[in-house]
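Participant: Encoded as structure tokens, here's the structure I'll be asking about.
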Amino acid sequence: VPFRNAGLNVLLFDARNHGKSDGHGYSSLPRFAEDIEHVLAWLQIHRPNACDKIALLGHSVGASASILVASRNDCLDALISISAFGHPEWVMNRYWQKLWLPKWLAHALNRYVEWLIGNRFVDIAPIHTITRVRCPVLLVHGMADTVVPVADARAIAQAGFNARVSIQVCEIADAEHASVDKIEAHQGTLMQFLRATGFRW
């Protein structure tokens with residue numbers, strides 16, 4: 001909403017298995033990334049005059065996928081990541097722990113998931129892909145997030161800092177994983193970030 005109100009062109013889309021998009025088996029970080037890249041390609045072909053500068057914003061798995069997309073595409077001028085997880089293995093292990101699965105079984109299941117999605121976790125983990133991102137990044141994370149702890153955002157940021165990626169971090173007190181209202185209350189931070197990266201409205 002704040003981007004549209006500022007006069008920026010905004011393109012929203014439903015990834016596969018979400019909203020009005022078709023169902024297509026399972027959802028995964030790589031598939032989210034593929035969908036984003038298809039949207040970017042469509043935008044540059046069908047709306048070239050509207051994409052002199054492109055910012056990508058994603059939430060949760062979409063945020064982690066956005067980091068992967070930014071790591072292998074030069075067309076982006078800015079990336080806003082909201083509630084991204086640091087590593088797929090961490091996400092899976094947190095889930096297995098809730099089910100009280102033994103470590104050997106959790107390890108085996110993680111390897112099966114890697115086979116299923118066709119990617120090793122280490123190759124798509126944001127703490128690694130962030131090191132190859134060339135555009136400025138704003139990491140937004142709620143400090144009360146119990147789905148993806150704020151420690152994940154800090155790990156991504158540290159990896160980026162070590163690789164000299166241009167990263168800003170916005171930690172929001174009392175915000176949970178999907179606290180849209182609390183994030184929108186910090187829209188000034190998001191808009192200031194875009195302005196600093198060269199967006200004008």
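Note on naming: chains are A, B, ... as they come in the structure tokens, residues start from 1 per chain, ligands start from 1 in the order shown.
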Contacts of segment 10-23 of chain A at 12 Å or less, counting only C-alpha atoms, minus same-chain residues fewer than 4 places along, as an MDAnalysis selection string?
Facilitator: chainID A and resid 1:6 27:40 42:43 47 50:51 53:58 61:62 65
Participant: Save out the residues we just selected, N, CA and C atoms, as a short mmCIF file (atom, residue, chain, number, x, y, z; two decimals), in the first residue's frame.
Facilitator:
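Wrote it out as out-v8.cif, contents follow:
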```cif
data_model
loop_
_atom_site.label_atom_id
_atom_site.label_comp_id
_atom_site.auth_asym_id
_atom_site.auth_seq_id
_atom_site.Cartn_x
_atom_site.Cartn_y
_atom_site.Cartn_z
N VAL A 1 0.81 -1.22 0.00
CA VAL A 1 0.00 0.00 0.00
C VAL A 1 0.85 1.26 0.00
N PRO A 2 1.86 1.39 0.87
CA PRO A 2 2.64 2.64 0.85
C PRO A 2 3.35 2.88 -0.46
N PHE A 3 3.78 1.82 -1.14
CA PHE A 3 4.46 1.99 -2.43
C PHE A 3 3.49 2.52 -3.48
N ARG A 4 2.30 1.95 -3.52
CA ARG A 4 1.29 2.39 -4.47
C ARG A 4 0.87 3.82 -4.18
N ASN A 5 0.68 4.14 -2.92
CA ASN A 5 0.28 5.49 -2.53
C ASN A 5 1.35 6.52 -2.89
N ALA A 6 2.60 6.08 -2.92
CA ALA A 6 3.69 6.99 -3.28
C ALA A 6 3.79 7.20 -4.78
N SER A 27 4.96 -26.84 -2.68
CA SER A 27 5.64 -25.55 -2.75
C SER A 27 7.03 -25.71 -2.15
N SER A 28 7.98 -24.95 -2.66
CA SER A 28 9.34 -25.00 -2.13
C SER A 28 10.03 -23.68 -2.44
N LEU A 29 11.14 -23.44 -1.75
CA LEU A 29 11.90 -22.22 -2.00
C LEU A 29 12.34 -22.12 -3.46
N PRO A 30 12.89 -23.18 -4.05
CA PRO A 30 13.29 -23.08 -5.47
C PRO A 30 12.12 -22.78 -6.39
N ARG A 31 10.94 -23.35 -6.12
CA ARG A 31 9.79 -23.08 -6.97
C ARG A 31 9.30 -21.64 -6.81
N PHE A 32 9.36 -21.12 -5.59
CA PHE A 32 9.05 -19.71 -5.40
C PHE A 32 9.99 -18.85 -6.23
N ALA A 33 11.28 -19.19 -6.19
CA ALA A 33 12.27 -18.42 -6.94
C ALA A 33 11.99 -18.49 -8.44
N GLU A 34 11.63 -19.67 -8.94
CA GLU A 34 11.30 -19.81 -10.36
C GLU A 34 10.12 -18.92 -10.73
N ASP A 35 9.10 -18.90 -9.88
CA ASP A 35 7.92 -18.08 -10.16
C ASP A 35 8.28 -16.60 -10.20
N ILE A 36 9.12 -16.18 -9.26
CA ILE A 36 9.55 -14.78 -9.24
C ILE A 36 10.32 -14.43 -10.52
N GLU A 37 11.19 -15.32 -10.95
CA GLU A 37 11.98 -15.05 -12.14
C GLU A 37 11.10 -15.02 -13.39
N HIS A 38 10.05 -15.84 -13.43
CA HIS A 38 9.12 -15.77 -14.56
C HIS A 38 8.39 -14.42 -14.57
N VAL A 39 8.02 -13.93 -13.39
CA VAL A 39 7.35 -12.64 -13.29
C VAL A 39 8.28 -11.52 -13.74
N LEU A 40 9.53 -11.57 -13.33
CA LEU A 40 10.50 -10.54 -13.73
C LEU A 40 10.69 -10.56 -15.25
N TRP A 42 8.47 -11.60 -17.48
CA TRP A 42 7.23 -11.08 -18.07
C TRP A 42 7.22 -9.55 -17.99
N LEU A 43 7.61 -9.03 -16.84
CA LEU A 43 7.60 -7.59 -16.64
C LEU A 43 8.51 -6.87 -17.64
N ARG A 47 6.13 -4.85 -19.87
CA ARG A 47 6.05 -3.53 -19.26
C ARG A 47 7.44 -2.91 -19.14
N ALA A 50 7.97 0.41 -17.42
CA ALA A 50 7.64 0.49 -15.99
C ALA A 50 8.72 -0.11 -15.11
N CYS A 51 9.83 -0.51 -15.72
CA CYS A 51 10.85 -1.17 -14.90
C CYS A 51 12.24 -0.62 -15.14
N LYS A 53 13.74 0.88 -12.83
CA LYS A 53 14.34 0.39 -11.60
C LYS A 53 13.37 -0.62 -10.99
N ILE A 54 13.90 -1.72 -10.49
CA ILE A 54 13.06 -2.79 -9.95
C ILE A 54 13.47 -3.12 -8.53
N ALA A 55 12.49 -3.12 -7.63
CA ALA A 55 12.70 -3.57 -6.25
C ALA A 55 11.86 -4.83 -6.06
N LEU A 56 12.40 -5.78 -5.36
CA LEU A 56 11.71 -7.03 -5.08
C LEU A 56 11.44 -7.12 -3.59
N LEU A 57 10.19 -7.45 -3.24
CA LEU A 57 9.82 -7.61 -1.84
C LEU A 57 9.20 -8.98 -1.64
N GLY A 58 9.66 -9.72 -0.64
CA GLY A 58 9.12 -11.03 -0.35
C GLY A 58 8.97 -11.24 1.14
N VAL A 61 8.96 -17.61 3.16
CA VAL A 61 9.61 -18.40 2.11
C VAL A 61 9.83 -17.53 0.88
N GLY A 62 8.87 -16.64 0.60
CA GLY A 62 9.01 -15.73 -0.52
C GLY A 62 10.20 -14.81 -0.36
N ALA A 65 13.28 -16.92 -1.01
CA ALA A 65 13.36 -17.12 -2.45
C ALA A 65 13.81 -15.86 -3.16
#
```
Participant: Where does DSSP see helix (DSSP H, G or I) in segment 31-174 of chain A, if you list the residues as number ranges by chain?
Facilitator: A: 31-46, 48-50, 61-71, 88-98, 103-117, 121-124, 126-132, 150-162
Participant: Would you put the residues from that selection into a file with C-alpha atoms, as a PDB file, in the first residue's frame?
Facilitator:
```
ATOM      1  CA  ARG A  31       9.788 -23.078  -6.973  1.00  0.00           C
ATOM      2  CA  PHE A  32       9.047 -19.708  -5.395  1.00  0.00           C
ATOM      3  CA  ALA A  33      12.267 -18.424  -6.942  1.00  0.00           C
ATOM      4  CA  GLU A  34      11.295 -19.813 -10.363  1.00  0.00           C
ATOM      5  CA  ASP A  35       7.919 -18.080 -10.161  1.00  0.00           C
ATOM      6  CA  ILE A  36       9.554 -14.776  -9.237  1.00  0.00           C
ATOM      7  CA  GLU A  37      11.978 -15.051 -12.145  1.00  0.00           C
ATOM      8  CA  HIS A  38       9.117 -15.767 -14.559  1.00  0.00           C
ATOM      9  CA  VAL A  39       7.345 -12.642 -13.290  1.00  0.00           C
ATOM     10  CA  LEU A  40      10.496 -10.545 -13.733  1.00  0.00           C
ATOM     11  CA  ALA A  41      10.904 -11.846 -17.284  1.00  0.00           C
ATOM     12  CA  TRP A  42       7.231 -11.079 -18.066  1.00  0.00           C
ATOM     13  CA  LEU A  43       7.598  -7.590 -16.639  1.00  0.00           C
ATOM     14  CA  GLN A  44      10.632  -6.747 -18.739  1.00  0.00           C
ATOM     15  CA  ILE A  45       8.947  -8.017 -21.917  1.00  0.00           C
ATOM     16  CA  HIS A  46       5.440  -6.615 -21.429  1.00  0.00           C
ATOM     17  CA  PRO A  48       9.575  -2.346 -20.161  1.00  0.00           C
ATOM     18  CA  ASN A  49       8.703   1.306 -19.548  1.00  0.00           C
ATOM     19  CA  ALA A  50       7.639   0.494 -15.992  1.00  0.00           C
ATOM     20  CA  VAL A  61       9.605 -18.403   2.108  1.00  0.00           C
ATOM     21  CA  GLY A  62       9.007 -15.727  -0.524  1.00  0.00           C
ATOM     22  CA  ALA A  63      11.666 -13.576   1.137  1.00  0.00           C
ATOM     23  CA  SER A  64      14.179 -16.416   1.199  1.00  0.00           C
ATOM     24  CA  ALA A  65      13.362 -17.125  -2.454  1.00  0.00           C
ATOM     25  CA  SER A  66      13.780 -13.436  -3.267  1.00  0.00           C
ATOM     26  CA  ILE A  67      17.292 -13.537  -1.842  1.00  0.00           C
ATOM     27  CA  LEU A  68      18.039 -16.530  -4.092  1.00  0.00           C
ATOM     28  CA  VAL A  69      16.637 -14.649  -7.105  1.00  0.00           C
ATOM     29  CA  ALA A  70      18.699 -11.560  -6.286  1.00  0.00           C
ATOM     30  CA  SER A  71      21.817 -13.713  -6.018  1.00  0.00           C
ATOM     31  CA  PRO A  88      16.150 -24.554   5.151  1.00  0.00           C
ATOM     32  CA  GLU A  89      17.769 -27.095   7.474  1.00  0.00           C
ATOM     33  CA  TRP A  90      17.055 -24.846  10.460  1.00  0.00           C
ATOM     34  CA  VAL A  91      13.405 -24.568   9.442  1.00  0.00           C
ATOM     35  CA  MET A  92      13.037 -28.303   9.013  1.00  0.00           C
ATOM     36  CA  ASN A  93      14.842 -29.125  12.256  1.00  0.00           C
ATOM     37  CA  ARG A  94      12.623 -26.735  14.217  1.00  0.00           C
ATOM     38  CA  TYR A  95       9.618 -28.567  12.773  1.00  0.00           C
ATOM     39  CA  TRP A  96      11.007 -32.029  13.516  1.00  0.00           C
ATOM     40  CA  GLN A  97      11.807 -30.974  17.093  1.00  0.00           C
ATOM     41  CA  LYS A  98       8.174 -30.062  17.648  1.00  0.00           C
ATOM     42  CA  LYS A 103      17.935 -36.776  15.190  1.00  0.00           C
ATOM     43  CA  TRP A 104      18.757 -39.682  12.867  1.00  0.00           C
ATOM     44  CA  LEU A 105      15.230 -39.683  11.477  1.00  0.00           C
ATOM     45  CA  ALA A 106      15.170 -35.889  11.120  1.00  0.00           C
ATOM     46  CA  HIS A 107      18.456 -36.074   9.221  1.00  0.00           C
ATOM     47  CA  ALA A 108      17.084 -38.745   6.885  1.00  0.00           C
ATOM     48  CA  LEU A 109      13.909 -36.751   6.259  1.00  0.00           C
ATOM     49  CA  ASN A 110      15.924 -33.638   5.456  1.00  0.00           C
ATOM     50  CA  ARG A 111      17.895 -35.563   2.865  1.00  0.00           C
ATOM     51  CA  TYR A 112      14.622 -36.827   1.371  1.00  0.00           C
ATOM     52  CA  VAL A 113      13.269 -33.272   1.132  1.00  0.00           C
ATOM     53  CA  GLU A 114      16.465 -32.210  -0.642  1.00  0.00           C
ATOM     54  CA  TRP A 115      15.939 -35.028  -3.139  1.00  0.00           C
ATOM     55  CA  LEU A 116      12.283 -34.064  -3.565  1.00  0.00           C
ATOM     56  CA  ILE A 117      12.970 -30.396  -4.343  1.00  0.00           C
ATOM     57  CA  PHE A 121      19.747 -27.004   1.347  1.00  0.00           C
ATOM     58  CA  VAL A 122      23.221 -25.514   1.547  1.00  0.00           C
ATOM     59  CA  ASP A 123      22.990 -24.297  -2.065  1.00  0.00           C
ATOM     60  CA  ILE A 124      19.745 -22.349  -1.541  1.00  0.00           C
ATOM     61  CA  PRO A 126      19.889 -17.424   2.419  1.00  0.00           C
ATOM     62  CA  ILE A 127      22.966 -17.272   4.671  1.00  0.00           C
ATOM     63  CA  HIS A 128      24.903 -18.403   1.594  1.00  0.00           C
ATOM     64  CA  THR A 129      22.965 -16.862  -1.298  1.00  0.00           C
ATOM     65  CA  ILE A 130      23.016 -13.426   0.361  1.00  0.00           C
ATOM     66  CA  THR A 131      26.769 -13.311  -0.233  1.00  0.00           C
ATOM     67  CA  ARG A 132      26.172 -13.149  -3.994  1.00  0.00           C
ATOM     68  CA  VAL A 150      15.057 -12.987  14.602  1.00  0.00           C
ATOM     69  CA  ALA A 151      18.370 -14.816  14.991  1.00  0.00           C
ATOM     70  CA  ASP A 152      17.896 -16.015  11.398  1.00  0.00           C
ATOM     71  CA  ALA A 153      17.802 -12.433  10.117  1.00  0.00           C
ATOM     72  CA  ARG A 154      20.894 -11.607  12.130  1.00  0.00           C
ATOM     73  CA  ALA A 155      22.715 -14.607  10.667  1.00  0.00           C
ATOM     74  CA  ILE A 156      21.772 -13.540   7.119  1.00  0.00           C
ATOM     75  CA  ALA A 157      22.898  -9.989   7.853  1.00  0.00           C
ATOM     76  CA  GLN A 158      26.224 -11.136   9.273  1.00  0.00           C
ATOM     77  CA  ALA A 159      26.896 -13.321   6.250  1.00  0.00           C
ATOM     78  CA  GLY A 160      26.102 -10.365   3.999  1.00  0.00           C
ATOM     79  CA  PHE A 161      28.266  -7.981   5.990  1.00  0.00           C
ATOM     80  CA  ASN A 162      31.168 -10.438   5.762  1.00  0.00           C
TER      81      ASN A 162
END
```
Participant: Assign secondary structure with DSSP using the backbone only, and return the residues of segment 30-93 of chain A in strand (DSSP E) as a PyMOL selection string.
Facilitator: chain A and resi 55-59+78-82
Participant: Ranking A:Ile172, A:Leu101, A:Ala185, A:Leu8 by minimum distance to Val140 of chain A and counting only C-alpha atoms, which one comes first?
Facilitator: A:Ile172
Participant: Can you list, as a compact mmCIF listing (two decimals) with all heavy atoms, in the first residue's frame, every protein, DNA or RNA residue that comes within 10 Å of Asp77 of chain A when you count only C-alpha atoms, leaving out same-chain residues fewer than 2 positions away?
Facilitator:
```txt
# COMPACT_ATOMS: atom_id res chain seq x y z
N ASP A 52 12.33 0.72 -15.16
CA ASP A 52 13.65 1.34 -15.20
C ASP A 52 14.44 0.96 -13.96
O ASP A 52 15.66 0.76 -14.01
CB ASP A 52 13.52 2.87 -15.26
CG ASP A 52 12.99 3.34 -16.61
OD1 ASP A 52 13.12 2.57 -17.58
OD2 ASP A 52 12.44 4.44 -16.68
N LYS A 53 13.74 0.88 -12.83
CA LYS A 53 14.34 0.39 -11.60
C LYS A 53 13.37 -0.62 -10.99
O LYS A 53 12.15 -0.39 -11.00
CB LYS A 53 14.59 1.53 -10.61
CG LYS A 53 15.63 2.54 -11.08
CD LYS A 53 15.95 3.57 -10.03
CE LYS A 53 16.76 3.02 -8.89
NZ LYS A 53 18.14 2.60 -9.29
N ILE A 54 13.90 -1.72 -10.49
CA ILE A 54 13.06 -2.79 -9.95
C ILE A 54 13.47 -3.12 -8.53
O ILE A 54 14.65 -3.37 -8.25
CB ILE A 54 13.15 -4.06 -10.80
CG1 ILE A 54 12.72 -3.79 -12.24
CG2 ILE A 54 12.29 -5.17 -10.20
CD1 ILE A 54 12.89 -4.99 -13.16
N ALA A 55 12.49 -3.12 -7.63
CA ALA A 55 12.70 -3.57 -6.25
C ALA A 55 11.86 -4.83 -6.06
O ALA A 55 10.73 -4.91 -6.53
CB ALA A 55 12.29 -2.49 -5.26
N LEU A 56 12.40 -5.78 -5.36
CA LEU A 56 11.71 -7.03 -5.08
C LEU A 56 11.44 -7.12 -3.59
O LEU A 56 12.34 -6.88 -2.78
CB LEU A 56 12.57 -8.21 -5.54
CG LEU A 56 12.02 -9.63 -5.37
CD1 LEU A 56 10.71 -9.80 -6.14
CD2 LEU A 56 13.05 -10.64 -5.85
N ALA A 70 17.78 -12.70 -6.22
CA ALA A 70 18.70 -11.56 -6.29
C ALA A 70 20.15 -12.01 -6.42
O ALA A 70 20.98 -11.28 -6.97
CB ALA A 70 18.53 -10.69 -5.05
N ASP A 74 20.87 -9.77 -12.25
CA ASP A 74 21.41 -8.41 -12.17
C ASP A 74 20.36 -7.33 -12.41
O ASP A 74 20.68 -6.15 -12.39
CB ASP A 74 22.54 -8.23 -13.19
CG ASP A 74 23.77 -9.03 -12.83
OD1 ASP A 74 24.06 -9.16 -11.63
OD2 ASP A 74 24.43 -9.55 -13.76
N CYS A 75 19.11 -7.72 -12.67
CA CYS A 75 18.10 -6.74 -13.04
C CYS A 75 17.50 -6.01 -11.83
O CYS A 75 16.76 -5.04 -12.01
CB CYS A 75 16.97 -7.41 -13.83
SG CYS A 75 15.97 -8.57 -12.86
N LEU A 79 16.25 -4.94 -2.76
CA LEU A 79 15.57 -6.12 -2.24
C LEU A 79 15.11 -5.85 -0.82
O LEU A 79 15.91 -5.42 0.02
CB LEU A 79 16.51 -7.33 -2.26
CG LEU A 79 16.04 -8.59 -1.54
CD1 LEU A 79 14.79 -9.15 -2.18
CD2 LEU A 79 17.16 -9.64 -1.52
N ARG A 134 23.94 -8.47 -5.34
CA ARG A 134 24.66 -7.27 -5.74
C ARG A 134 23.89 -5.97 -5.53
O ARG A 134 24.45 -4.89 -5.64
CB ARG A 134 25.08 -7.41 -7.21
CG ARG A 134 26.16 -8.47 -7.42
CD ARG A 134 26.40 -8.79 -8.88
NE ARG A 134 25.26 -9.49 -9.48
CZ ARG A 134 25.05 -10.80 -9.35
NH1 ARG A 134 25.86 -11.53 -8.61
NH2 ARG A 134 24.02 -11.38 -9.93
N CYS A 135 22.60 -6.08 -5.24
CA CYS A 135 21.82 -4.86 -4.99
C CYS A 135 21.70 -4.62 -3.48
O CYS A 135 21.91 -5.55 -2.68
CB CYS A 135 20.43 -4.98 -5.62
SG CYS A 135 19.38 -6.25 -4.89
N PRO A 136 21.37 -3.40 -3.07
CA PRO A 136 21.15 -3.12 -1.64
C PRO A 136 20.00 -3.96 -1.08
O PRO A 136 19.01 -4.21 -1.77
CB PRO A 136 20.82 -1.63 -1.62
CG PRO A 136 21.44 -1.09 -2.86
CD PRO A 136 21.28 -2.18 -3.88
N VAL A 137 20.13 -4.36 0.18
CA VAL A 137 19.15 -5.24 0.82
C VAL A 137 18.67 -4.62 2.13
O VAL A 137 19.48 -4.11 2.92
CB VAL A 137 19.77 -6.62 1.11
CG1 VAL A 137 18.74 -7.53 1.79
CG2 VAL A 137 20.30 -7.27 -0.16
N LEU A 194 14.22 2.69 -0.17
CA LEU A 194 14.08 2.76 -1.63
C LEU A 194 14.61 4.09 -2.16
O LEU A 194 15.27 4.12 -3.21
CB LEU A 194 12.62 2.56 -2.03
CG LEU A 194 12.04 1.15 -1.84
CD1 LEU A 194 10.59 1.12 -2.31
CD2 LEU A 194 12.87 0.12 -2.60
N THR A 197 18.24 4.09 -2.47
CA THR A 197 18.78 3.26 -3.56
C THR A 197 18.45 3.82 -4.93
O THR A 197 18.70 3.16 -5.95
CB THR A 197 18.22 1.81 -3.46
OG1 THR A 197 16.80 1.84 -3.50
CG2 THR A 197 18.67 1.16 -2.17
N GLY A 198 17.88 5.03 -4.97
CA GLY A 198 17.69 5.71 -6.24
C GLY A 198 16.28 5.76 -6.78
O GLY A 198 16.06 6.28 -7.88
N PHE A 199 15.31 5.23 -6.04
CA PHE A 199 13.92 5.31 -6.50
C PHE A 199 13.39 6.71 -6.25
O PHE A 199 13.66 7.32 -5.21
CB PHE A 199 13.06 4.27 -5.76
CG PHE A 199 13.29 2.86 -6.23
CD1 PHE A 199 14.39 2.14 -5.78
CD2 PHE A 199 12.41 2.26 -7.13
CE1 PHE A 199 14.61 0.84 -6.22
CE2 PHE A 199 12.63 0.96 -7.56
CZ PHE A 199 13.73 0.26 -7.10
```
